[in-house]
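Below is the file entry_4.cif, which contains mmCIF, C-alpha atoms.
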data_protein
loop_
_atom_site.label_atom_id
_atom_site.label_comp_id
_atom_site.auth_asym_id
_atom_site.auth_seq_id
_atom_site.Cartn_x
_atom_site.Cartn_y
_atom_site.Cartn_z
CA MET R 1 -1.08 14.59 -15.75
CA LYS R 2 1.39 11.73 -15.82
CA THR R 3 3.00 12.91 -12.59
CA ARG R 4 -0.39 13.15 -10.91
CA VAL R 5 -1.30 9.60 -11.90
CA LEU R 6 2.09 8.41 -10.67
CA GLY R 7 1.38 10.12 -7.38
CA VAL R 8 -1.90 8.25 -7.03
CA ALA R 9 -0.23 4.94 -7.85
CA LEU R 10 2.51 5.63 -5.34
CA LEU R 11 -0.03 6.41 -2.65
CA ALA R 12 -1.84 3.14 -3.18
CA ALA R 13 1.35 1.11 -3.20
CA ALA R 14 2.72 2.76 -0.09
CA ALA R 15 -0.50 2.29 1.84
CA PHE R 16 -0.90 -1.42 1.05
CA ALA R 17 2.81 -1.99 1.49
CA VAL R 18 2.35 -1.89 5.24
CA THR R 19 -0.11 -4.78 5.33
CA GLY R 20 -0.21 -6.40 1.90
CA CYS R 21 -0.45 -10.07 1.05
CA GLY R 22 2.06 -12.88 1.20
CA VAL R 23 4.09 -12.08 4.32
CA THR R 24 4.09 -13.84 7.65
CA GLY R 25 5.04 -11.45 10.44
CA THR R 26 6.51 -12.11 13.84
CA GLY R 27 3.81 -10.61 16.00
CA THR R 28 6.41 -8.68 18.00
CA PRO R 29 4.68 -6.79 20.81
CA SER R 30 4.81 -3.03 20.69
CA THR R 31 7.01 -0.96 22.95
CA PRO R 32 5.06 0.41 25.95
CA VAL R 33 4.07 4.01 25.44
CA SER R 34 5.38 6.50 27.97
CA SER R 35 3.81 9.82 28.92
CA GLN R 36 7.28 11.32 28.85
CA ALA R 37 8.85 12.31 25.56
CA PRO R 38 10.78 9.22 24.40
CA VAL R 39 13.95 9.54 22.41
CA LYS R 40 13.77 9.09 18.64
CA ALA R 41 15.06 5.51 18.81
CA ALA R 42 12.13 4.49 21.04
CA ALA R 43 9.63 5.86 18.49
CA LYS R 44 11.24 3.85 15.67
CA GLU R 45 11.23 0.72 17.82
CA ALA R 46 7.54 1.08 18.67
CA PHE R 47 6.57 1.83 15.07
CA THR R 48 8.57 -1.17 13.85
CA ALA R 49 6.83 -3.44 16.34
CA ALA R 50 3.40 -2.09 15.35
CA VAL R 51 4.02 -2.67 11.64
CA LYS R 52 5.24 -6.22 12.25
CA LYS R 53 2.38 -7.06 14.59
CA THR R 54 -0.22 -5.69 12.19
CA ASN R 55 1.36 -7.62 9.34
CA SER R 56 1.24 -10.87 11.29
CA THR R 57 -2.55 -11.18 11.34
CA THR R 58 -5.66 -10.55 9.28
CA SER R 59 -7.00 -7.02 8.92
CA LYS R 60 -9.15 -4.70 6.86
CA GLN R 61 -8.04 -1.43 5.29
CA GLU R 62 -9.81 1.71 4.15
CA LEU R 63 -8.09 4.38 2.07
CA SER R 64 -9.16 7.84 1.06
CA MET R 65 -7.60 10.80 -0.72
CA GLN R 66 -8.91 14.20 -1.72
CA GLY R 67 -6.83 16.34 -4.05
CA VAL R 68 -6.38 16.97 -7.76
CA ALA R 69 -7.21 13.29 -8.04
CA THR R 70 -9.54 11.57 -5.61
CA MET R 71 -9.39 7.98 -4.49
CA SER R 72 -11.21 5.62 -2.17
CA ALA R 73 -10.41 1.98 -1.54
CA THR R 74 -11.24 -0.90 0.75
CA GLY R 75 -9.26 -4.07 1.27
CA ALA R 76 -8.99 -7.23 3.34
CA ASN R 77 -5.81 -9.16 3.94
CA ASP R 78 -4.67 -12.50 5.36
CA PRO R 79 -0.85 -12.48 5.14
CA THR R 80 -0.40 -16.00 6.50
CA ALA R 81 -2.78 -17.59 3.97
CA GLN R 82 -1.61 -15.23 1.19
CA LYS R 83 -5.09 -13.86 0.52
CA LEU R 84 -5.93 -10.27 -0.37
CA SER R 85 -8.81 -8.42 -1.95
CA MET R 86 -9.02 -4.74 -2.86
CA GLU R 87 -11.52 -2.42 -4.52
CA MET R 88 -10.37 1.03 -5.63
CA ASP R 89 -12.07 3.99 -7.31
CA MET R 90 -10.07 6.93 -8.68
CA THR R 91 -11.13 10.12 -10.40
CA VAL R 92 -8.33 11.82 -12.34
CA PRO R 93 -8.83 15.09 -14.25
CA GLY R 94 -8.76 14.41 -17.96
CA ALA R 95 -9.00 10.65 -17.47
CA GLY R 96 -12.39 10.33 -15.80
CA THR R 97 -13.31 7.72 -13.22
CA LEU R 98 -11.27 4.56 -13.04
CA LYS R 99 -12.09 1.45 -11.05
CA MET R 100 -9.68 -1.34 -10.15
CA SER R 101 -10.36 -4.63 -8.40
CA CYS R 102 -7.58 -6.91 -7.22
CA VAL R 103 -7.61 -10.42 -5.82
CA SER R 104 -4.51 -12.34 -4.77
CA LEU R 105 -4.57 -16.01 -3.84
CA GLY R 106 -1.48 -18.10 -3.19
CA GLY R 107 0.70 -15.77 -5.23
CA ASP R 108 -1.56 -15.62 -8.30
CA VAL R 109 -2.99 -12.15 -8.94
CA TYR R 110 -6.23 -11.15 -10.67
CA PHE R 111 -6.89 -7.58 -11.86
CA LYS R 112 -10.01 -6.02 -13.29
CA MET R 113 -10.00 -2.42 -14.55
CA THR R 114 -12.92 -0.40 -15.84
CA GLY R 115 -12.81 3.08 -17.31
CA VAL R 116 -9.44 2.40 -18.94
CA PRO R 117 -9.62 2.35 -22.77
CA GLY R 118 -8.38 -0.85 -24.35
CA MET R 119 -8.50 -2.94 -21.19
CA PRO R 120 -10.22 -6.35 -21.23
CA GLN R 121 -13.62 -6.34 -19.57
CA GLN R 122 -12.84 -9.62 -17.80
CA TRP R 123 -10.52 -10.34 -14.90
CA MET R 124 -6.87 -10.53 -15.99
CA LYS R 125 -4.85 -13.28 -14.34
CA VAL R 126 -1.13 -13.29 -13.72
CA LYS R 127 0.31 -16.56 -12.41
CA ALA R 128 2.77 -16.48 -9.54
CA ASP R 129 5.63 -17.72 -11.73
CA GLN R 130 5.05 -14.80 -14.13
CA ILE R 131 5.52 -12.16 -11.47
CA LYS R 132 8.93 -10.53 -11.44
CA ALA R 133 10.33 -9.73 -8.01
CA GLY R 134 10.16 -6.03 -7.26
CA SER R 135 7.71 -5.27 -10.08
CA SER R 136 4.34 -3.55 -9.85
CA LEU R 137 2.74 -6.99 -9.77
CA ASP R 138 4.87 -8.23 -6.88
CA LEU R 139 2.44 -7.69 -4.02
CA LYS R 140 4.49 -9.97 -1.79
CA SER R 141 7.57 -7.79 -2.20
CA ALA R 142 5.56 -4.64 -1.70
CA SER R 143 4.16 -5.96 1.57
CA ASP R 144 7.51 -6.97 3.07
CA PRO R 145 7.61 -5.06 6.38
CA SER R 146 11.35 -4.45 6.07
CA ARG R 147 10.74 -2.52 2.83
CA THR R 148 8.24 -0.23 4.56
CA LEU R 149 10.39 0.24 7.62
CA ASP R 150 13.52 0.90 5.59
CA SER R 151 11.75 3.82 3.93
CA VAL R 152 11.37 5.72 7.22
CA VAL R 153 13.81 8.63 7.21
CA THR R 154 12.78 10.35 10.43
CA ILE R 155 10.26 9.46 13.12
CA GLU R 156 9.31 10.76 16.55
CA TRP R 157 6.46 10.49 19.00
CA ASP R 158 3.56 12.89 18.48
CA GLY R 159 1.56 12.23 21.61
CA ASP R 160 1.03 8.99 23.52
CA ASN R 161 -0.15 6.82 20.64
CA ALA R 162 0.95 8.65 17.51
CA PHE R 163 4.04 9.29 15.40
CA LYS R 164 5.16 11.84 12.85
CA GLY R 165 8.11 11.84 10.51
CA THR R 166 9.19 11.49 6.90
CA ILE R 167 9.34 8.58 4.44
CA ASP R 168 11.51 8.06 1.37
CA ALA R 169 8.72 7.01 -1.01
CA THR R 170 11.21 6.08 -3.75
CA LYS R 171 12.21 3.04 -1.71
CA ASN R 172 8.82 1.46 -2.24
CA PRO R 173 9.41 -1.60 -4.49
CA ASN R 174 6.41 -0.72 -6.66
CA VAL R 175 7.88 2.63 -7.71
CA GLY R 176 10.00 2.11 -10.80
CA ALA R 177 13.00 4.12 -11.97
CA ASP R 178 10.94 6.25 -14.35
CA ALA R 179 8.49 7.17 -11.60
CA VAL R 180 11.33 8.00 -9.22
CA LYS R 181 12.84 10.33 -11.83
CA GLN R 182 9.54 12.14 -12.42
CA LEU R 183 8.63 12.42 -8.77
CA GLY R 184 12.00 13.99 -7.98
CA ASP R 185 13.98 14.40 -4.79
CA LYS R 186 10.93 15.66 -2.89
CA ALA R 187 9.64 12.07 -2.88
CA LYS R 188 12.57 11.15 -0.65
CA SER R 189 11.14 13.12 2.26
CA VAL R 190 7.35 12.73 2.34
CA PRO R 191 5.74 13.75 5.66
CA PHE R 192 3.72 11.04 7.36
CA THR R 193 1.78 10.45 10.55
CA ALA R 194 0.72 7.16 12.12
CA THR R 195 -1.28 5.91 15.09
CA ILE R 196 -1.31 2.73 17.17
CA ASN R 197 -3.85 1.32 19.61
CA ALA R 198 -3.46 -0.04 23.11
CA GLU R 199 -2.80 -3.55 21.76
CA GLY R 200 0.12 -2.30 19.66
CA TYR R 201 -1.51 -2.57 16.22
CA LEU R 202 -1.07 0.10 13.58
CA THR R 203 -4.48 1.75 13.24
CA GLY R 204 -3.80 4.57 10.83
CA MET R 205 -1.25 6.13 8.51
CA SER R 206 -1.30 9.34 6.49
CA LEU R 207 1.03 10.49 3.69
CA ASP R 208 1.16 14.17 2.65
CA MET R 209 1.85 13.99 -1.08
CA ASN R 210 1.41 17.76 -1.42
CA SER R 211 5.06 17.91 -0.44
CA ILE R 212 5.88 16.41 -3.86
CA GLN R 213 3.41 18.39 -5.92
CA ALA R 214 0.74 20.82 -4.74
CA GLY R 215 -2.71 19.35 -5.16
CA LEU R 216 -1.80 15.67 -4.98
CA GLY R 217 -3.45 15.61 -1.58
CA THR R 218 -3.08 13.60 1.58
CA MET R 219 -3.88 9.92 1.64
CA LYS R 220 -5.26 8.41 4.80
CA THR R 221 -5.32 4.70 5.55
CA THR R 222 -7.01 3.02 8.49
CA TYR R 223 -6.51 -0.57 9.67
CA SER R 224 -9.08 -2.53 11.66
CA ALA R 225 -10.69 -5.93 12.30
CA PHE R 226 -7.41 -7.48 13.45
CA GLY R 227 -7.56 -11.26 13.66
CA GLN R 228 -11.01 -11.58 12.11
CA PRO R 229 -11.57 -14.14 9.32
CA VAL R 230 -10.93 -12.97 5.77
CA THR R 231 -12.72 -14.63 2.85
CA VAL R 232 -11.25 -14.18 -0.63
CA THR R 233 -12.41 -16.15 -3.65
CA ALA R 234 -11.04 -16.32 -7.17
CA PRO R 235 -13.18 -14.86 -9.98
CA PRO R 236 -15.23 -17.37 -12.02
CA ALA R 237 -13.05 -19.13 -14.60
CA SER R 238 -15.48 -18.07 -17.33
CA ASP R 239 -14.71 -14.43 -16.55
CA VAL R 240 -10.90 -14.75 -16.49
CA VAL R 241 -8.40 -14.09 -19.28
CA GLU R 242 -4.62 -13.93 -19.31
CA MET R 243 -3.20 -10.43 -18.92
CA PRO R 244 -2.28 -9.03 -22.37
CA PRO R 245 1.47 -9.43 -23.04
CA ALA R 246 2.04 -5.69 -23.52
CA LEU R 247 0.39 -4.84 -20.20
CA LEU R 248 2.18 -7.69 -18.44
CA ALA R 249 5.52 -6.41 -19.77
CA ALA R 250 4.74 -2.85 -18.64
CA MET R 251 3.70 -3.91 -15.14
CA SER R 252 6.64 -6.30 -14.83
CA GLN R 253 9.13 -3.48 -14.88
CA GLY R 254 10.82 -2.75 -11.57
#

Translate the structure described by the file into structure tokens.
Amino acid sequence: MKTRVLGVALLAAAAFAVTGCGVTGTGTPSTPVSSQAPVKAAAKEAFTAAVKKTNSTTSKQELSMQGVATMSATGANDPTAQKLSMEMDMTVPGAGTLKMSCVSLGGDVYFKMTGVPGMPQQWMKVKADQIKAGSSLDLKSASDPSRTLDSVVTIEWDGDNAFKGTIDATKNPNVGADAVKQLGDKAKSVPFTATINAEGYLTGMSLDMNSIQAGLGTMKTTYSAFGQPVTVTAPPASDVVEMPPALLAAMSQG
């Protein structure tokens, strides 16, 4: 059970790592796609450009996973203004249905979890100066494009506008040492596919977590609405509490 939940958490972190909050990209144009089979280096160059370009502007994300645990999520992100919102629903055998909402504004993070025994019913706030670099709360670190790109082990073209390869999921900054140990060496070579559009934006990414443990499923993420306005507002002050110290300590671990 614990491994399955870790797998779900890893999926979410890896998906939002590509276009999370708090990073200003360069907008590097993508490498032109050729009908001939490019060499491996060309695929990495084009994927790198697509990740950076996508991370340089606003976008929306949709995530889905079907497996032992199921998950669906939607998000909106403005990396330049450091604004992000996310809604996630998970169903885990033995744990029931869990719901998580996340809002990030200017480095401050607000979480709300339902279906988790002992959690506050209000939004839990963590101030920017309380967030440890590289921890589960460090959405800025998780969204650093270099972290995502550094995790690519192999990559090649899979058609004119698509890639396939493997990712070392243990390099994600939101995956702590304990999780790495439990996930094992298989997490260092997770199959993935990705797509780009004609403008050079990343439009989709899929991670096959069955390679780590049968039944974890495949998580699919789509990116859209590039450059469109993103509105994110903080929860009402009357519905906000500080994150409990024990939970803050647990989520502050790298």

Using all atoms listed in the file, find all polymer residues with an atom at most 7 Å away from the point (2.6, 4.7, 17.9); report them as a PDB file with C-alpha atoms, keeping the file's coordinate frame.
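Once everything was written out, this is part-v7.pdb:
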ATOM      1  CA  ALA R  46       7.540   1.080  18.670  1.00  0.00           C
ATOM      2  CA  PHE R  47       6.570   1.830  15.070  1.00  0.00           C
ATOM      3  CA  ASN R 161      -0.150   6.820  20.640  1.00  0.00           C
ATOM      4  CA  ALA R 162       0.950   8.650  17.510  1.00  0.00           C
ATOM      5  CA  PHE R 163       4.040   9.290  15.400  1.00  0.00           C
ATOM      6  CA  ALA R 194       0.720   7.160  12.120  1.00  0.00           C
ATOM      7  CA  THR R 195      -1.280   5.910  15.090  1.00  0.00           C
ATOM      8  CA  ILE R 196      -1.310   2.730  17.170  1.00  0.00           C
TER       9      ILE R 196
END

Neighbourhood query: residues within 8 Å of (-10.9, -7.2, 10.2), file coordinates, counting all atoms listed in the file; return as a PDB file with C-alpha atoms, in the coordinates of the input.
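For reference, point_36.pdb as written:
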ATOM      1  CA  THR R  58      -5.660 -10.550   9.280  1.00  0.00           C
ATOM      2  CA  SER R  59      -7.000  -7.020   8.920  1.00  0.00           C
ATOM      3  CA  LYS R  60      -9.150  -4.700   6.860  1.00  0.00           C
ATOM      4  CA  ALA R  76      -8.990  -7.230   3.340  1.00  0.00           C
ATOM      5  CA  TYR R 223      -6.510  -0.570   9.670  1.00  0.00           C
ATOM      6  CA  SER R 224      -9.080  -2.530  11.660  1.00  0.00           C
ATOM      7  CA  ALA R 225     -10.690  -5.930  12.300  1.00  0.00           C
ATOM      8  CA  PHE R 226      -7.410  -7.480  13.450  1.00  0.00           C
ATOM      9  CA  GLY R 227      -7.560 -11.260  13.660  1.00  0.00           C
ATOM     10  CA  GLN R 228     -11.010 -11.580  12.110  1.00  0.00           C
ATOM     11  CA  PRO R 229     -11.570 -14.140   9.320  1.00  0.00           C
ATOM     12  CA  VAL R 230     -10.930 -12.970   5.770  1.00  0.00           C
TER      13      VAL R 230
END

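With atom CA of R:Met113 on one side and atom CA of R:Val68 on the other, the separation reads 20.9 Å.
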
Shell of 8 Å around R:Leu137, only C-alpha atoms, local chain residues under 6 positions omitted, as number ranges by chain
R: 109, 131, 174, 251-252

Test item: residues at most 8 Å from R:Gly67, all atoms listed in the file, excluding those fewer than 5 positions along its chain, as a list in words: Gly215, Leu216, Gly217 and Thr218 of chain R

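Applied to the shown file, the PyMOL selection byres ((chain R and resi 168) around 10) selects the residues Thr148, Asp150, Ser151, Val152, Val153, Thr154, Thr166, Ile167, Ala169, Thr170, Lys171, Asn172, Asp185, Lys186, Ala187, Lys188, Ser189, Val190 and Pro191 of chain R.
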
On this file, the PyMOL selection byres ((chain R and resi 92) around 8) gives some set of residues; write that set as an NGL selection string.
:R and (5 or 68-70 or 90-91 or 93-98)

note - atom CA of R:Met219 and atom CA of R:Ser206 are separated by 5.5 Å

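One distance worth recording is that between atom CA of R:Glu45 and atom CA of R:Ala73, which is 29.1 Å.
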
On this structure, the PyMOL selection byres ((chain R and resi 237) around 12) would catch which residues? List them as a list in words, sorted by chain and number. Tyr110, Gln122, Trp123, Met124, Lys125, Thr233, Ala234, Pro235, Pro236, Ser238, Asp239, Val240, Val241 and Glu242 of chain R

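Take the candidates R:Leu207, R:Leu247, R:Ala133, R:Met119 and check each one against R:Leu63 using only C-alpha atoms; the shortest distance goes to R:Leu207.
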
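With distances restricted to only C-alpha atoms, R:Gly75 is the closest residue to R:Ser101 from R:Val126, R:Ala50, R:Ala81, R:Gly75.
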